Structure formats: C-alpha cells, structure tokens
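As provided, model01.csv (CSV, N, CA and C atoms) reads as follows.
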chain,number,residue,atom,x,y,z
A,1,MET,N,-10.7,-60.4,99.5
A,1,MET,CA,-9.3,-60.0,99.8
A,1,MET,C,-9.3,-58.6,100.4
A,2,GLU,N,-10.2,-57.8,100.0
A,2,GLU,CA,-10.3,-56.4,100.5
A,2,GLU,C,-10.6,-56.5,102.0
A,3,ASP,N,-11.6,-57.3,102.4
A,3,ASP,CA,-12.0,-57.4,103.8
A,3,ASP,C,-10.8,-57.9,104.7
A,4,ASP,N,-9.9,-58.7,104.1
A,4,ASP,CA,-8.9,-59.3,104.9
A,4,ASP,C,-7.5,-58.6,104.7
A,5,TRP,N,-7.5,-57.5,104.1
A,5,TRP,CA,-6.2,-56.8,103.7
A,5,TRP,C,-5.3,-56.7,104.9
A,6,GLU,N,-5.8,-56.2,106.0
A,6,GLU,CA,-4.9,-56.0,107.2
A,6,GLU,C,-4.3,-57.3,107.7
A,7,LEU,N,-5.2,-58.4,107.6
A,7,LEU,CA,-4.7,-59.7,108.0
A,7,LEU,C,-3.6,-60.2,107.0
A,8,ILE,N,-3.8,-60.0,105.8
A,8,ILE,CA,-2.9,-60.4,104.7
A,8,ILE,C,-1.6,-59.6,105.0
A,9,ALA,N,-1.6,-58.3,105.2
A,9,ALA,CA,-0.4,-57.5,105.3
A,9,ALA,C,0.4,-58.0,106.6
A,10,SER,N,-0.3,-58.2,107.7
A,10,SER,CA,0.4,-58.7,108.9
A,10,SER,C,0.9,-60.1,108.7
A,11,SER,N,0.2,-60.9,108.0
A,11,SER,CA,0.7,-62.3,107.8
A,11,SER,C,1.9,-62.4,106.9
A,12,LEU,N,1.9,-61.5,105.8
A,12,LEU,CA,3.1,-61.5,105.0
A,12,LEU,C,4.3,-61.0,105.8
A,13,LYS,N,4.1,-60.0,106.7
A,13,LYS,CA,5.2,-59.5,107.5
A,13,LYS,C,5.7,-60.7,108.5
A,14,THR,N,4.7,-61.4,109.1
A,14,THR,CA,5.0,-62.4,110.0
A,14,THR,C,5.8,-63.6,109.4
A,15,GLN,N,5.3,-64.0,108.2
A,15,GLN,CA,5.9,-65.2,107.6
A,15,GLN,C,7.1,-64.9,106.8
A,16,TYR,N,7.1,-63.8,106.0
A,16,TYR,CA,8.1,-63.6,105.0
A,16,TYR,C,9.0,-62.4,105.4
A,17,GLY,N,8.6,-61.6,106.4
A,17,GLY,CA,9.4,-60.5,106.9
A,17,GLY,C,9.4,-59.2,106.1
A,18,TYR,N,8.5,-59.1,105.2
A,18,TYR,CA,8.4,-57.9,104.4
A,18,TYR,C,7.1,-57.2,104.6
A,19,SER,N,7.1,-55.9,104.5
A,19,SER,CA,5.9,-55.0,104.6
A,19,SER,C,5.4,-54.9,103.2
A,20,ILE,N,4.2,-55.3,102.9
A,20,ILE,CA,3.6,-55.2,101.6
A,20,ILE,C,3.5,-53.7,101.2
A,21,ARG,N,3.2,-52.9,102.2
A,21,ARG,CA,3.1,-51.5,101.9
A,21,ARG,C,4.4,-50.9,101.3
A,22,LYS,N,5.5,-51.4,101.8
A,22,LYS,CA,6.8,-50.9,101.3
A,22,LYS,C,7.3,-51.6,100.0
A,23,GLU,N,6.9,-52.9,99.9
A,23,GLU,CA,7.4,-53.7,98.8
A,23,GLU,C,6.4,-53.9,97.6
A,24,ILE,N,5.3,-53.3,97.7
A,24,ILE,CA,4.2,-53.5,96.7
A,24,ILE,C,4.7,-53.2,95.2
A,25,ASN,N,5.6,-52.2,95.1
A,25,ASN,CA,6.1,-51.9,93.7
A,25,ASN,C,7.2,-52.8,93.3
A,26,ASN,N,7.8,-53.6,94.2
A,26,ASN,CA,8.8,-54.5,93.9
A,26,ASN,C,8.4,-56.0,93.6
A,27,LEU,N,7.1,-56.2,93.8
A,27,LEU,CA,6.5,-57.6,93.7
A,27,LEU,C,5.7,-57.6,92.4
A,28,SER,N,5.8,-58.8,91.7
A,28,SER,CA,4.9,-59.0,90.6
A,28,SER,C,3.5,-59.5,91.2
A,29,TRP,N,2.5,-59.4,90.5
A,29,TRP,CA,1.2,-60.0,90.9
A,29,TRP,C,1.3,-61.5,91.2
A,30,ALA,N,2.0,-62.2,90.3
A,30,ALA,CA,2.1,-63.7,90.5
A,30,ALA,C,2.9,-64.0,91.8
A,31,GLU,N,3.9,-63.2,92.1
A,31,GLU,CA,4.7,-63.4,93.3
A,31,GLU,C,3.9,-63.1,94.5
A,32,LEU,N,3.1,-62.1,94.5
A,32,LEU,CA,2.2,-61.7,95.7
A,32,LEU,C,1.2,-62.8,95.9
A,33,CYS,N,0.6,-63.3,94.8
A,33,CYS,CA,-0.4,-64.3,94.9
A,33,CYS,C,0.2,-65.6,95.5
A,34,SER,N,1.4,-65.9,95.0
A,34,SER,CA,2.1,-67.1,95.5
A,34,SER,C,2.4,-67.0,97.0
A,35,ASP,N,2.8,-65.8,97.4
A,35,ASP,CA,3.1,-65.6,98.9
A,35,ASP,C,1.9,-65.7,99.7
A,36,ILE,N,0.8,-65.1,99.2
A,36,ILE,CA,-0.5,-65.2,100.0
A,36,ILE,C,-1.0,-66.6,100.1
A,37,SER,N,-1.0,-67.3,99.0
A,37,SER,CA,-1.5,-68.7,99.0
A,37,SER,C,-0.6,-69.6,99.8
A,38,GLY,N,0.6,-69.2,100.1
A,38,GLY,CA,1.5,-70.0,100.9
A,38,GLY,C,1.5,-69.7,102.4
A,39,LEU,N,0.7,-68.8,102.8
A,39,LEU,CA,0.6,-68.4,104.2
A,39,LEU,C,0.2,-69.6,105.1
A,40,MET,N,1.0,-69.8,106.1
A,40,MET,CA,0.7,-70.9,107.0
A,40,MET,C,-0.3,-70.5,108.1
A,41,SER,N,-0.8,-71.6,108.8
A,41,SER,CA,-1.8,-71.4,109.8
A,41,SER,C,-1.4,-70.6,111.0
A,42,GLU,N,-0.1,-70.5,111.2
A,42,GLU,CA,0.5,-69.7,112.3
A,42,GLU,C,0.5,-68.2,112.1
A,43,THR,N,0.0,-67.8,111.0
A,43,THR,CA,0.0,-66.3,110.7
A,43,THR,C,-1.4,-65.8,111.1
A,44,PRO,N,-1.5,-64.5,111.2
A,44,PRO,CA,-2.9,-63.9,111.6
A,44,PRO,C,-4.0,-64.4,110.6
A,45,LEU,N,-3.7,-64.3,109.3
A,45,LEU,CA,-4.7,-64.7,108.4
A,45,LEU,C,-5.0,-66.2,108.5
A,46,GLY,N,-4.0,-67.0,108.6
A,46,GLY,CA,-4.1,-68.5,108.7
A,46,GLY,C,-5.0,-68.8,109.9
A,47,ASN,N,-4.8,-68.1,111.0
A,47,ASN,CA,-5.5,-68.4,112.3
A,47,ASN,C,-7.0,-68.1,112.0
A,48,ILE,N,-7.3,-67.0,111.4
A,48,ILE,CA,-8.7,-66.6,111.1
A,48,ILE,C,-9.4,-67.5,110.2
A,49,VAL,N,-8.6,-68.0,109.1
A,49,VAL,CA,-9.2,-68.9,108.2
A,49,VAL,C,-9.5,-70.2,108.9
A,50,GLN,N,-8.7,-70.7,109.8
A,50,GLN,CA,-9.0,-71.9,110.5
A,50,GLN,C,-10.3,-71.7,111.3
A,51,ILE,N,-10.4,-70.6,112.0
A,51,ILE,CA,-11.6,-70.4,112.8
A,51,ILE,C,-12.9,-70.4,111.8
A,52,ARG,N,-12.8,-69.6,110.7
A,52,ARG,CA,-13.9,-69.5,109.8
A,52,ARG,C,-14.3,-70.8,109.2
A,53,SER,N,-13.4,-71.7,109.0
A,53,SER,CA,-13.7,-73.0,108.3
A,53,SER,C,-13.9,-74.2,109.2
A,54,GLU,N,-13.7,-74.0,110.5
A,54,GLU,CA,-13.9,-75.2,111.4
A,54,GLU,C,-15.3,-75.7,111.4
A,55,ASP,N,-15.4,-77.0,111.3
A,55,ASP,CA,-16.7,-77.7,111.3
A,55,ASP,C,-16.7,-78.9,112.3
A,56,ASP,N,-15.6,-79.1,112.9
A,56,ASP,CA,-15.5,-80.2,113.9
A,56,ASP,C,-16.2,-79.8,115.2
A,57,SER,N,-17.3,-80.5,115.5
A,57,SER,CA,-18.2,-80.1,116.6
A,57,SER,C,-17.4,-80.2,118.0
A,58,GLU,N,-16.4,-81.1,118.1
A,58,GLU,CA,-15.7,-81.1,119.3
A,58,GLU,C,-14.8,-79.9,119.5
A,59,LYS,N,-14.2,-79.5,118.4
A,59,LYS,CA,-13.3,-78.3,118.4
A,59,LYS,C,-14.2,-77.0,118.6
A,60,LEU,N,-15.4,-77.0,118.0
A,60,LEU,CA,-16.3,-75.9,118.2
A,60,LEU,C,-16.7,-75.7,119.6
A,61,LYS,N,-16.9,-76.8,120.4
A,61,LYS,CA,-17.3,-76.7,121.8
A,61,LYS,C,-16.2,-75.9,122.6
A,62,ASN,N,-15.0,-75.9,122.2
A,62,ASN,CA,-13.9,-75.3,122.9
A,62,ASN,C,-13.6,-73.9,122.4
A,63,PHE,N,-14.3,-73.4,121.4
A,63,PHE,CA,-14.1,-72.1,120.9
A,63,PHE,C,-14.5,-71.0,121.9
A,64,THR,N,-13.7,-70.0,122.0
A,64,THR,CA,-14.1,-68.8,122.8
A,64,THR,C,-15.2,-68.1,122.2
A,65,GLN,N,-15.8,-67.2,122.9
A,65,GLN,CA,-16.9,-66.4,122.3
A,65,GLN,C,-16.4,-65.6,121.1
A,66,ASP,N,-15.2,-65.0,121.2
A,66,ASP,CA,-14.6,-64.3,120.1
A,66,ASP,C,-14.5,-65.1,118.8
A,67,GLN,N,-14.0,-66.4,119.0
A,67,GLN,CA,-13.9,-67.3,117.9
A,67,GLN,C,-15.2,-67.6,117.3
A,68,LYS,N,-16.2,-67.8,118.1
A,68,LYS,CA,-17.6,-68.1,117.6
A,68,LYS,C,-18.1,-66.9,116.8
A,69,ASN,N,-17.8,-65.7,117.3
A,69,ASN,CA,-18.3,-64.5,116.6
A,69,ASN,C,-17.6,-64.4,115.3
A,70,ILE,N,-16.3,-64.7,115.2
A,70,ILE,CA,-15.6,-64.6,113.9
A,70,ILE,C,-16.2,-65.6,112.9
A,71,ARG,N,-16.4,-66.8,113.4
A,71,ARG,CA,-17.0,-67.8,112.5
A,71,ARG,C,-18.4,-67.5,112.1
A,72,TRP,N,-19.2,-67.0,113.0
A,72,TRP,CA,-20.6,-66.7,112.7
A,72,TRP,C,-20.7,-65.5,111.7
A,73,GLU,N,-19.9,-64.5,111.9
A,73,GLU,CA,-20.0,-63.3,111.1
A,73,GLU,C,-19.5,-63.7,109.6
A,74,TYR,N,-18.5,-64.5,109.5
A,74,TYR,CA,-18.0,-64.9,108.2
A,74,TYR,C,-19.1,-65.7,107.5
A,75,ARG,N,-19.7,-66.7,108.2
A,75,ARG,CA,-20.7,-67.5,107.6
A,75,ARG,C,-21.9,-66.8,107.2
A,76,MET,N,-22.3,-65.8,108.0
A,76,MET,CA,-23.5,-65.0,107.6
A,76,MET,C,-23.2,-64.1,106.4
A,77,LYS,N,-21.9,-63.6,106.3
A,77,LYS,CA,-21.6,-62.9,105.1
A,77,LYS,C,-21.6,-63.7,103.9
A,78,MET,N,-21.1,-65.0,104.0
A,78,MET,CA,-21.0,-65.9,102.8
A,78,MET,C,-22.5,-66.3,102.4
A,79,ALA,N,-23.3,-66.4,103.4
A,79,ALA,CA,-24.7,-66.8,103.2
A,79,ALA,C,-25.4,-65.7,102.3
A,80,GLN,N,-25.1,-64.5,102.5
A,80,GLN,CA,-25.7,-63.4,101.7
A,80,GLN,C,-25.4,-63.5,100.2
A,81,ASN,N,-24.4,-64.2,99.9
A,81,ASN,CA,-24.0,-64.4,98.5
A,81,ASN,C,-24.4,-65.7,97.9
A,82,MET,N,-25.3,-66.4,98.6
A,82,MET,CA,-25.7,-67.8,98.1
A,82,MET,C,-27.1,-67.7,97.5
A,83,ASP,N,-27.4,-68.8,96.7
A,83,ASP,CA,-28.7,-68.9,96.3
A,83,ASP,C,-29.5,-69.6,97.4
A,84,LYS,N,-30.8,-69.7,97.2
A,84,LYS,CA,-31.7,-70.2,98.3
A,84,LYS,C,-31.3,-71.7,98.7
A,85,ASP,N,-31.0,-72.5,97.8
A,85,ASP,CA,-30.7,-73.9,98.1
A,85,ASP,C,-29.4,-74.0,98.9
A,86,GLU,N,-28.4,-73.3,98.5
A,86,GLU,CA,-27.1,-73.2,99.3
A,86,GLU,C,-27.4,-72.7,100.7
A,87,TYR,N,-28.2,-71.6,100.7
A,87,TYR,CA,-28.5,-71.0,102.0
A,87,TYR,C,-29.2,-72.0,103.0
A,88,LYS,N,-30.1,-72.7,102.5
A,88,LYS,CA,-30.9,-73.7,103.3
A,88,LYS,C,-29.9,-74.7,103.8
A,89,LYS,N,-29.0,-75.2,103.0
A,89,LYS,CA,-28.0,-76.2,103.4
A,89,LYS,C,-27.1,-75.6,104.5
A,90,VAL,N,-26.6,-74.4,104.4
A,90,VAL,CA,-25.8,-73.8,105.4
A,90,VAL,C,-26.5,-73.7,106.7
A,91,ILE,N,-27.8,-73.2,106.6
A,91,ILE,CA,-28.6,-73.1,107.9
A,91,ILE,C,-28.8,-74.4,108.5
A,92,THR,N,-29.1,-75.5,107.7
A,92,THR,CA,-29.3,-76.8,108.3
A,92,THR,C,-28.0,-77.3,108.9
A,93,ASP,N,-26.9,-77.1,108.3
A,93,ASP,CA,-25.6,-77.5,108.9
A,93,ASP,C,-25.3,-76.7,110.2
A,94,LEU,N,-25.6,-75.4,110.2
A,94,LEU,CA,-25.4,-74.6,111.4
A,94,LEU,C,-26.3,-75.1,112.5
A,95,GLN,N,-27.5,-75.4,112.2
A,95,GLN,CA,-28.4,-75.9,113.2
A,95,GLN,C,-27.9,-77.2,113.8
A,96,LYS,N,-27.4,-78.1,112.9
A,96,LYS,CA,-26.9,-79.4,113.4
A,96,LYS,C,-25.7,-79.2,114.3
A,97,ALA,N,-24.8,-78.2,113.9
A,97,ALA,CA,-23.6,-78.0,114.7
A,97,ALA,C,-24.0,-77.4,116.1
A,98,PHE,N,-24.9,-76.5,116.1
A,98,PHE,CA,-25.4,-76.0,117.4
A,98,PHE,C,-26.0,-77.1,118.3
A,99,LYS,N,-26.8,-78.0,117.7
A,99,LYS,CA,-27.4,-79.1,118.5
A,99,LYS,C,-26.3,-80.0,119.0
A,100,GLU,N,-25.3,-80.2,118.2
A,100,GLU,CA,-24.2,-81.1,118.7
A,100,GLU,C,-23.4,-80.4,119.8
A,101,MET,N,-23.2,-79.1,119.7
A,101,MET,CA,-22.5,-78.4,120.7
A,101,MET,C,-23.3,-78.4,122.0
A,102,ALA,N,-24.6,-78.4,121.9
A,102,ALA,CA,-25.4,-78.4,123.1
A,102,ALA,C,-25.6,-79.8,123.6
A,103,GLY,N,-25.1,-80.8,122.9
A,103,GLY,CA,-25.2,-82.2,123.4
A,103,GLY,C,-26.5,-82.9,123.0
A,104,ASP,N,-27.2,-82.4,122.0
A,104,ASP,CA,-28.4,-83.0,121.5
A,104,ASP,C,-28.0,-84.3,120.8
A,105,SER,N,-28.4,-85.4,121.3
A,105,SER,CA,-28.1,-86.7,120.7
A,105,SER,C,-28.9,-87.0,119.4
A,106,LYS,N,-30.0,-86.3,119.2
A,106,LYS,CA,-30.8,-86.6,118.0
A,106,LYS,C,-30.2,-86.1,116.7
A,107,LYS,N,-29.5,-85.1,116.8
A,107,LYS,CA,-28.8,-84.5,115.6
A,107,LYS,C,-29.7,-84.4,114.5
Can you turn what I pasted into structure tokens?
Amino acid sequence: MEDDWELIASSLKTQYGYSIRKEINNLSWAELCSDISGLMSETPLGNIVQIRSEDDSEKLKNFTQDQKNIRWEYRMKMAQNMDKDEYKKVITDLQKAFKEMAGDSKK
C-alpha cells in the first residue's frame, strides 16, 4: 500500500471526488478500505493493477514498453518475497510468456 499511495490518492479523487489528504480525519479505516477495494479499472491504480496482473499473451504482445516495464518491475519485486519453489514457477511462467510473445510455437 505504501508503494502505491500516490496511485491510491489519485484514484480516490478520480472515482469518489475527495482528496484523501484532506479527508483522512473524517474517514474510518473500514470506510477507507471499502473505498480502496471498490476502485474501478478506469482509475490510475486500477490501470496499473491491470498491467501488473495481465497474463494474456495476446494482450502482452500489444503492451507498450512502459507497460512492459511496469509489469516486469512489479513481478521482480514480488519474486523477492517468494520462496524458491514459487520463484521457479514465476520464472518458468515468464519464460513461457516471452516465448509466446516472440512467436515460439514450442512453448
């Protein structure tokens, strides 16, 4: 949540029309959590979450370099927090995705 605070703040402003910095003392924790969990994909955070979680090889082929960088940086950060078996699976999945993007039919 700390890493995405600016995205969260701008998304709350976009979707609900309030500035978290101004309203923080007027919101309960439950209310804030509810608002954050209800953010739609059309918000700045929603857009980034879609990029980070995309696994469809056809959609990945059409990603811009910036989108690829966002996805890669996030996945590398998540990999740092995994055990060895989880890490190996992520690397295998990434290799498969890159092969598919490159048109490798062997997959």
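Excluding Ser11 (chain A) itself and same-chain residues fewer than 5 positions from it, the residues having an atom within 10 Å of it are A:Trp5, A:Glu6, A:Tyr16, A:Gly17, A:Tyr18, A:Ser19, A:Ile20, A:Asp35, A:Ile36, A:Leu39, A:Met40, A:Ser41, A:Glu42, A:Thr43, A:Pro44, A:Leu45, A:Gly46, A:Asn47, counting only C-alpha atoms.
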Mind writing the picked residues with N, CA and C atoms as an mmCIF file, in the coordinates of the input?
data_model
loop_
_atom_site.group_PDB
_atom_site.id
_atom_site.type_symbol
_atom_site.label_atom_id
_atom_site.label_comp_id
_atom_site.auth_asym_id
_atom_site.auth_seq_id
_atom_site.Cartn_x
_atom_site.Cartn_y
_atom_site.Cartn_z
ATOM 1 N N TRP A 5 -7.500 -57.500 104.100
ATOM 2 C CA TRP A 5 -6.200 -56.800 103.700
ATOM 3 C C TRP A 5 -5.300 -56.700 104.900
ATOM 4 N N GLU A 6 -5.800 -56.200 106.000
ATOM 5 C CA GLU A 6 -4.900 -56.000 107.200
ATOM 6 C C GLU A 6 -4.300 -57.300 107.700
ATOM 7 N N TYR A 16 7.100 -63.800 106.000
ATOM 8 C CA TYR A 16 8.100 -63.600 105.000
ATOM 9 C C TYR A 16 9.000 -62.400 105.400
ATOM 10 N N GLY A 17 8.600 -61.600 106.400
ATOM 11 C CA GLY A 17 9.400 -60.500 106.900
ATOM 12 C C GLY A 17 9.400 -59.200 106.100
ATOM 13 N N TYR A 18 8.500 -59.100 105.200
ATOM 14 C CA TYR A 18 8.400 -57.900 104.400
ATOM 15 C C TYR A 18 7.100 -57.200 104.600
ATOM 16 N N SER A 19 7.100 -55.900 104.500
ATOM 17 C CA SER A 19 5.900 -55.000 104.600
ATOM 18 C C SER A 19 5.400 -54.900 103.200
ATOM 19 N N ILE A 20 4.200 -55.300 102.900
ATOM 20 C CA ILE A 20 3.600 -55.200 101.600
ATOM 21 C C ILE A 20 3.500 -53.700 101.200
ATOM 22 N N ASP A 35 2.800 -65.800 97.400
ATOM 23 C CA ASP A 35 3.100 -65.600 98.900
ATOM 24 C C ASP A 35 1.900 -65.700 99.700
ATOM 25 N N ILE A 36 0.800 -65.100 99.200
ATOM 26 C CA ILE A 36 -0.500 -65.200 100.000
ATOM 27 C C ILE A 36 -1.000 -66.600 100.100
ATOM 28 N N LEU A 39 0.700 -68.800 102.800
ATOM 29 C CA LEU A 39 0.600 -68.400 104.200
ATOM 30 C C LEU A 39 0.200 -69.600 105.100
ATOM 31 N N MET A 40 1.000 -69.800 106.100
ATOM 32 C CA MET A 40 0.700 -70.900 107.000
ATOM 33 C C MET A 40 -0.300 -70.500 108.100
ATOM 34 N N SER A 41 -0.800 -71.600 108.800
ATOM 35 C CA SER A 41 -1.800 -71.400 109.800
ATOM 36 C C SER A 41 -1.400 -70.600 111.000
ATOM 37 N N GLU A 42 -0.100 -70.500 111.200
ATOM 38 C CA GLU A 42 0.500 -69.700 112.300
ATOM 39 C C GLU A 42 0.500 -68.200 112.100
ATOM 40 N N THR A 43 0.000 -67.800 111.000
ATOM 41 C CA THR A 43 0.000 -66.300 110.700
ATOM 42 C C THR A 43 -1.400 -65.800 111.100
ATOM 43 N N PRO A 44 -1.500 -64.500 111.200
ATOM 44 C CA PRO A 44 -2.900 -63.900 111.600
ATOM 45 C C PRO A 44 -4.000 -64.400 110.600
ATOM 46 N N LEU A 45 -3.700 -64.300 109.300
ATOM 47 C CA LEU A 45 -4.700 -64.700 108.400
ATOM 48 C C LEU A 45 -5.000 -66.200 108.500
ATOM 49 N N GLY A 46 -4.000 -67.000 108.600
ATOM 50 C CA GLY A 46 -4.100 -68.500 108.700
ATOM 51 C C GLY A 46 -5.000 -68.800 109.900
ATOM 52 N N ASN A 47 -4.800 -68.100 111.000
ATOM 53 C CA ASN A 47 -5.500 -68.400 112.300
ATOM 54 C C ASN A 47 -7.000 -68.100 112.000
#
Which of chain A fall in helix (DSSP H, G or I), as a ChimeraX atom specification: /A:5-16,20-26,29-37,44-53,57-61,65-79,84-101
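The gap separating CA of Lys99 (chain A) from CA of Glu58 (chain A) is 11.9 Å, in Å to one decimal.
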One-decimal distance in Å that lies between CA of Arg71 (chain A) and CA of Val49 (chain A): 9.0 Å
For CA of Asp3 (chain A) and CA of Trp29 (chain A), the interatomic separation in Å (one decimal): 18.6 Å
Of the listed residues A:Lys61, A:Lys96, A:Lys22, A:Arg52, that which approaches Ala9 (chain A) most closely, counting only C-alpha atoms: A:Lys22
Nearby residues, (-11.7, -70.2, 112.7) file frame, 12 Å, only C-alpha atoms, as a PyMOL selection string: chain A and resi 41+44-56+59-60+62-75
